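Input: a single structure, listed below in structure tokens.
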Amino acid sequence: MKLSQRLPIATQLAWLFALFAWLVFGICGAALLFFLSKSLQHERQHAQRTKLEVVMQMLERTRAGGRVSDQWLGIEEHLNTLHHTDRSTYYWVFCQERQGKACSTGNDTMRTVALAATQARGWQSLRFDVAGVQPMGSESGEYLQVLGHAVRGLPAGDQVLVLVGTDGARARATLSDFAWLVAVVVVCGGLATALLGWVLARWALRPLRKLSDAARTLGPDRLTQRLDLPPKPTELFPLVQSFNAALDRMEAAFRQLETFNANVAHELRSPLATLIGATQVALLHPRSVDALQEVLSDNLEDLERLAAVVRDMLFLARADHGERADAIELLDVRVLAEETAEFFESLLAESGTKLDLHGHASLQGNTGLLQRALSNLLMNAMQYAQTGTPIQITMGIEHGQCELAVLNQGQPIDEATRARMFDRFYRADGVRTQGSGHVGLGLAIVRAVAQMHGGSVFADSEQGVNRIGMRLPLTQVGS
């Protein structure tokens, strides 16, 4: 099982909040660190230019007394004074007389002289900036940012180069402290966000916990109890409605199961009581062989009836578990109806009922199951048809399905009865007669056969004509 599947939703949300917070805070901290570095670098350059201007102004004042080389002691004193005020800044003024050889000025000269000036401190050149800013690095990791300027407009033979170097240790320390601060803020901010997210998630999930507590109170003794719709959040409305709908279906199934069990007990209790009573009476006194054979014959009828009920119940159980019809073949529904009608010729003749067949249709199905369903429809029609009125079997293709129905004239069937007439052990007259041979499973078997073929059942009652039948697909999946 994955870790995310074992953690509560609030904990998962808290960690997600922490991850997003660390990501956002980390990006913001890196951006702030970058802009701080650029800002410090800009400030150092600005400060260097200001200090370079101070040195240049000092040299301008010195030039009033003659050549720069002649004022060297005064210049060195001024530079020492400037260095003592800010020990992170170093100053160099280089003066070289011509003495028969040319002295060039510019970046190349500045780089050469800067290297020579810092050689005693172990400084090394990192890169050469054409803008005049030359960073110098040492083996210890320190670096010196140097800014130079060649003084122009001096008399011939008086070449002067001014360098101002700033130690970057203070800036590096500032950036390092800020980086640690950003790291602490990112970590603490993520943890604080996780804690706050966990608290908020727990608070937001309170309605769900209440629903869970209410669901735990449900039981077989509270079938009518349902979950109340929470006032908020509205996102839980579909969940509660679906759950209550599932409870409705479960209650209906439970009620149906209770009724089914009661009906089964009734159907089995009566024949068993009859068998036990008849057997006890037969054993009370000595009886002749003929008398005992008569008792056994009566008991056999009841046993066969019980066996039929059990077989029908097992068949319905298989249908409820989704069993599909097998031994599928192409059938002529007209021929199927004629063969089924032959079994009822004697009963129809005895009752004086005429049977008519109308229509033609063909489909793929199981011959035995469809004959059984049609036989039950005919038995139902014969039981409730008015005396002397004909019974009709109609068949045809409607909306891409085969419609097979049995019609009879009789008492109109109300809507409530039509809704339940395909249930197990349901009888429209509400009476079970021991000798009738009908236990209320006939139409339930019709529905089971239709479902095993992927079809459905229907019942109509109009103008004194009752029409009950099946709608079946013309072809079966996988056939």
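Residues in the structure tokens are named by chain (A, B, ... in the order shown) and by number from 1 within that chain; ligands are numbered from 1 in the order shown.
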
Extract, using only C-alpha atoms, all DNA, RNA and protein residues at most 12 Å from Ala317 in chain A, discarding same-chain residues fewer than 2 positions from it, and format them as a PyMOL selection string.
chain A and resi 260+310-315+319-323+424+444-445+448-449+452

Could you go through range 161-243 of chain A and tell me which residues DSSP, when run on the backbone, assigns to strand (DSSP E or B), listing them as a PyMOL selection string?
chain A and resi 161-167

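Taking only C-alpha atoms, the non-local environment of Thr274 in chain A within 10 Å (same-chain residues fewer than 6 positions away omitted) comprises Gln280, Asp298, Asn299 and Asp302 of chain A.
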
Export N, CA and C atoms of the chosen residues as a tab-separated table (two decimals), in the first residue's frame?
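Once everything was written out, this is part_39.tsv:
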chain	number	residue	atom	x	y	z
A	280	GLN	N	-48.32	-38.92	9.96
A	280	GLN	CA	-48.65	-39.27	11.35
A	280	GLN	C	-49.99	-39.99	11.44
A	298	ASP	N	-50.37	-39.25	-2.35
A	298	ASP	CA	-50.65	-37.85	-2.01
A	298	ASP	C	-49.37	-37.13	-1.55
A	299	ASN	N	-48.56	-37.83	-0.75
A	299	ASN	CA	-47.30	-37.22	-0.30
A	299	ASN	C	-46.37	-36.93	-1.48
A	302	ASP	N	-47.22	-33.66	-3.13
A	302	ASP	CA	-46.71	-32.51	-2.38
A	302	ASP	C	-45.19	-32.38	-2.51

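Minimum atom-to-atom distance to Arg420 in chain A, evaluated using only C-alpha atoms, belongs to A:Gln256 out of A:Gln256, A:Val406, A:Leu370, A:Gly469.
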
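With only C-alpha atoms taken into account, the protein and nucleic acid residues at most 7 Å from range 344-355 of chain A (excluding it and anything under 2 positions from it in its own chain) are A:Ala341, A:Glu342, A:Leu357, A:Gly388, A:Thr389, A:Pro390, A:Ile391, A:Gln392.
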
Residues as selected, C-alpha atoms, written as a compact mmCIF listing (two decimals), in the first residue's frame, can you do that?
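Saved file again.txt follows:
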# COMPACT_ATOMS: atom_id res chain seq x y z
CA ALA A 341 -49.46 -24.11 -27.64
CA GLU A 342 -49.56 -27.86 -28.33
CA LEU A 357 -51.38 -16.56 -32.94
CA GLY A 388 -65.26 -18.06 -23.08
CA THR A 389 -62.96 -15.26 -24.25
CA PRO A 390 -60.03 -16.02 -26.59
CA ILE A 391 -56.34 -15.74 -25.74
CA GLN A 392 -53.87 -14.32 -28.24

Test item: residues at most 7 Å from range 31-45 of chain A, only C-alpha atoms, excluding those fewer than 6 positions along its chain, as a list in words
Ala171, Leu175 and Ala179 of chain A

Neighbouring residues of Val162 in chain A were defined as those with any atom within 8 Å, considering only C-alpha atoms; residues of the same chain fewer than 3 positions away were excluded. Please report them as a list of chain:residue names.
A:Leu52, A:Val55, A:Met56, A:Tyr91, A:Trp92, A:Val93, A:Phe94, A:Gly148, A:His149, A:Ala150, A:Val151

DSSP on the backbone: what in range 234-340 of chain A comes out alpha helix (DSSP H), as JSON, numbers by chain?
{"A": [237, 238, 239, 240, 241, 242, 243, 244, 245, 246, 247, 248, 249, 250, 251, 252, 253, 254, 255, 256, 257, 258, 259, 260, 261, 262, 263, 264, 265, 266, 267, 268, 269, 270, 271, 272, 273, 274, 275, 276, 277, 278, 279, 280, 281, 282, 283, 284, 289, 290, 291, 292, 293, 294, 295, 296, 297, 298, 299, 300, 301, 302, 303, 304, 305, 306, 307, 308, 309, 310, 311, 312, 313, 314, 315, 316, 317, 318, 319, 320, 333, 334, 335, 336, 337, 338, 339, 340]}

Write the residues of the selection above to a file with C-alpha atoms, as an mmCIF file, in the first residue's frame.
data_model
loop_
_atom_site.group_PDB
_atom_site.id
_atom_site.type_symbol
_atom_site.label_atom_id
_atom_site.label_comp_id
_atom_site.auth_asym_id
_atom_site.auth_seq_id
_atom_site.Cartn_x
_atom_site.Cartn_y
_atom_site.Cartn_z
ATOM 1 C CA PHE A 237 -24.572 17.225 -1.432
ATOM 2 C CA PRO A 238 -24.069 14.746 -4.326
ATOM 3 C CA LEU A 239 -22.212 12.345 -2.011
ATOM 4 C CA VAL A 240 -24.960 12.396 0.632
ATOM 5 C CA GLN A 241 -27.702 12.091 -1.982
ATOM 6 C CA SER A 242 -25.958 9.151 -3.663
ATOM 7 C CA PHE A 243 -25.395 7.483 -0.291
ATOM 8 C CA ASN A 244 -29.046 7.931 0.689
ATOM 9 C CA ALA A 245 -30.109 6.579 -2.694
ATOM 10 C CA ALA A 246 -27.930 3.524 -2.062
ATOM 11 C CA LEU A 247 -29.594 3.132 1.340
ATOM 12 C CA ASP A 248 -33.000 3.310 -0.358
ATOM 13 C CA ARG A 249 -31.998 0.519 -2.713
ATOM 14 C CA MET A 250 -30.591 -1.534 0.138
ATOM 15 C CA GLU A 251 -33.764 -1.046 2.169
ATOM 16 C CA ALA A 252 -35.896 -2.082 -0.791
ATOM 17 C CA ALA A 253 -33.720 -5.162 -1.334
ATOM 18 C CA PHE A 254 -33.840 -5.969 2.384
ATOM 19 C CA ARG A 255 -37.626 -5.606 2.460
ATOM 20 C CA GLN A 256 -37.887 -7.765 -0.635
ATOM 21 C CA LEU A 257 -35.635 -10.352 0.978
ATOM 22 C CA GLU A 258 -37.753 -10.323 4.126
ATOM 23 C CA THR A 259 -40.898 -10.789 2.056
ATOM 24 C CA PHE A 260 -39.199 -13.474 0.002
ATOM 25 C CA ASN A 261 -38.105 -15.381 3.098
ATOM 26 C CA ALA A 262 -41.577 -15.101 4.592
ATOM 27 C CA ASN A 263 -43.162 -16.339 1.366
ATOM 28 C CA VAL A 264 -40.688 -19.192 1.059
ATOM 29 C CA ALA A 265 -41.374 -20.196 4.647
ATOM 30 C CA HIS A 266 -45.103 -20.081 3.945
ATOM 31 C CA GLU A 267 -44.846 -22.075 0.734
ATOM 32 C CA LEU A 268 -42.659 -24.734 2.320
ATOM 33 C CA ARG A 269 -44.377 -24.823 5.696
ATOM 34 C CA SER A 270 -47.823 -25.717 4.367
ATOM 35 C CA PRO A 271 -46.759 -28.729 2.257
ATOM 36 C CA LEU A 272 -44.414 -29.933 4.987
ATOM 37 C CA ALA A 273 -47.167 -29.667 7.576
ATOM 38 C CA THR A 274 -49.474 -31.598 5.267
ATOM 39 C CA LEU A 275 -46.863 -34.288 4.707
ATOM 40 C CA ILE A 276 -46.115 -34.615 8.413
ATOM 41 C CA GLY A 277 -49.794 -34.695 9.370
ATOM 42 C CA ALA A 278 -50.748 -37.223 6.700
ATOM 43 C CA THR A 279 -47.844 -39.462 7.633
ATOM 44 C CA GLN A 280 -48.648 -39.273 11.350
ATOM 45 C CA VAL A 281 -52.297 -40.145 10.705
ATOM 46 C CA ALA A 282 -51.281 -43.049 8.491
ATOM 47 C CA LEU A 283 -49.038 -44.420 11.233
ATOM 48 C CA LEU A 284 -51.603 -44.169 14.032
ATOM 49 C CA VAL A 289 -51.413 -51.676 1.407
ATOM 50 C CA ASP A 290 -53.883 -49.783 -0.768
ATOM 51 C CA ALA A 291 -54.443 -47.167 1.944
ATOM 52 C CA LEU A 292 -50.707 -46.696 2.444
ATOM 53 C CA GLN A 293 -50.185 -46.396 -1.314
ATOM 54 C CA GLU A 294 -52.839 -43.689 -1.427
ATOM 55 C CA VAL A 295 -51.094 -41.769 1.372
ATOM 56 C CA LEU A 296 -47.732 -42.122 -0.369
ATOM 57 C CA SER A 297 -49.258 -40.979 -3.646
ATOM 58 C CA ASP A 298 -50.645 -37.851 -2.005
ATOM 59 C CA ASN A 299 -47.300 -37.217 -0.302
ATOM 60 C CA LEU A 300 -45.511 -37.624 -3.631
ATOM 61 C CA GLU A 301 -47.641 -34.893 -5.166
ATOM 62 C CA ASP A 302 -46.712 -32.505 -2.376
ATOM 63 C CA LEU A 303 -43.040 -33.492 -2.630
ATOM 64 C CA GLU A 304 -43.052 -32.886 -6.374
ATOM 65 C CA ARG A 305 -44.622 -29.499 -5.754
ATOM 66 C CA LEU A 306 -41.893 -28.685 -3.204
ATOM 67 C CA ALA A 307 -39.208 -29.843 -5.628
ATOM 68 C CA ALA A 308 -40.667 -27.575 -8.322
ATOM 69 C CA VAL A 309 -40.621 -24.608 -5.941
ATOM 70 C CA VAL A 310 -36.983 -25.315 -5.022
ATOM 71 C CA ARG A 311 -36.003 -25.651 -8.696
ATOM 72 C CA ASP A 312 -37.701 -22.367 -9.524
ATOM 73 C CA MET A 313 -35.994 -20.630 -6.606
ATOM 74 C CA LEU A 314 -32.580 -21.938 -7.700
ATOM 75 C CA PHE A 315 -33.263 -20.788 -11.250
ATOM 76 C CA LEU A 316 -34.186 -17.297 -10.031
ATOM 77 C CA ALA A 317 -31.074 -17.204 -7.849
ATOM 78 C CA ARG A 318 -28.870 -17.959 -10.876
ATOM 79 C CA ALA A 319 -30.594 -15.216 -12.829
ATOM 80 C CA ASP A 320 -30.071 -12.759 -9.967
ATOM 81 C CA VAL A 333 -40.768 -17.316 -32.701
ATOM 82 C CA ARG A 334 -43.908 -18.415 -34.587
ATOM 83 C CA VAL A 335 -42.801 -22.052 -34.538
ATOM 84 C CA LEU A 336 -41.813 -21.704 -30.862
ATOM 85 C CA ALA A 337 -45.296 -20.399 -30.012
ATOM 86 C CA GLU A 338 -47.017 -23.202 -31.978
ATOM 87 C CA GLU A 339 -44.979 -25.888 -30.196
ATOM 88 C CA THR A 340 -45.745 -24.320 -26.812
#

Got a sec: who's within 12 Å of Val24 in chain A, counting only C-alpha atoms, leaving out chain neighbours fewer than 2 positions off, as a PyMOL selection string?
chain A and resi 17-22+26-31+185-187+189-190+193

Residues as selected, C-alpha atoms, written as a PDB file, in the first residue's frame, can you do that?
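Okay, this is what ended up in part.pdb:
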ATOM      1  CA  PHE A  17       0.928  22.886   1.233  1.00  0.00           C
ATOM      2  CA  ALA A  18       4.454  22.589   2.656  1.00  0.00           C
ATOM      3  CA  LEU A  19       5.924  21.515  -0.691  1.00  0.00           C
ATOM      4  CA  PHE A  20       4.259  24.375  -2.548  1.00  0.00           C
ATOM      5  CA  ALA A  21       5.309  26.821   0.180  1.00  0.00           C
ATOM      6  CA  TRP A  22       8.932  25.653   0.019  1.00  0.00           C
ATOM      7  CA  GLY A  26      12.605  29.211  -2.325  1.00  0.00           C
ATOM      8  CA  ILE A  27      12.060  30.948  -5.664  1.00  0.00           C
ATOM      9  CA  CYS A  28      11.292  34.250  -3.940  1.00  0.00           C
ATOM     10  CA  GLY A  29      14.345  33.891  -1.660  1.00  0.00           C
ATOM     11  CA  ALA A  30      16.640  33.113  -4.598  1.00  0.00           C
ATOM     12  CA  ALA A  31      15.293  36.136  -6.466  1.00  0.00           C
ATOM     13  CA  VAL A 185      12.552  31.539   6.478  1.00  0.00           C
ATOM     14  CA  VAL A 186      11.874  29.006   3.695  1.00  0.00           C
ATOM     15  CA  VAL A 187      12.072  26.009   6.041  1.00  0.00           C
ATOM     16  CA  GLY A 189       7.605  29.122   6.436  1.00  0.00           C
ATOM     17  CA  GLY A 190       6.994  25.727   4.841  1.00  0.00           C
ATOM     18  CA  THR A 193       2.227  26.545   6.184  1.00  0.00           C
TER      19      THR A 193
END

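Between CA of Leu13 in chain A and CA of Arg209 in chain A the separation is 16.3 Å.
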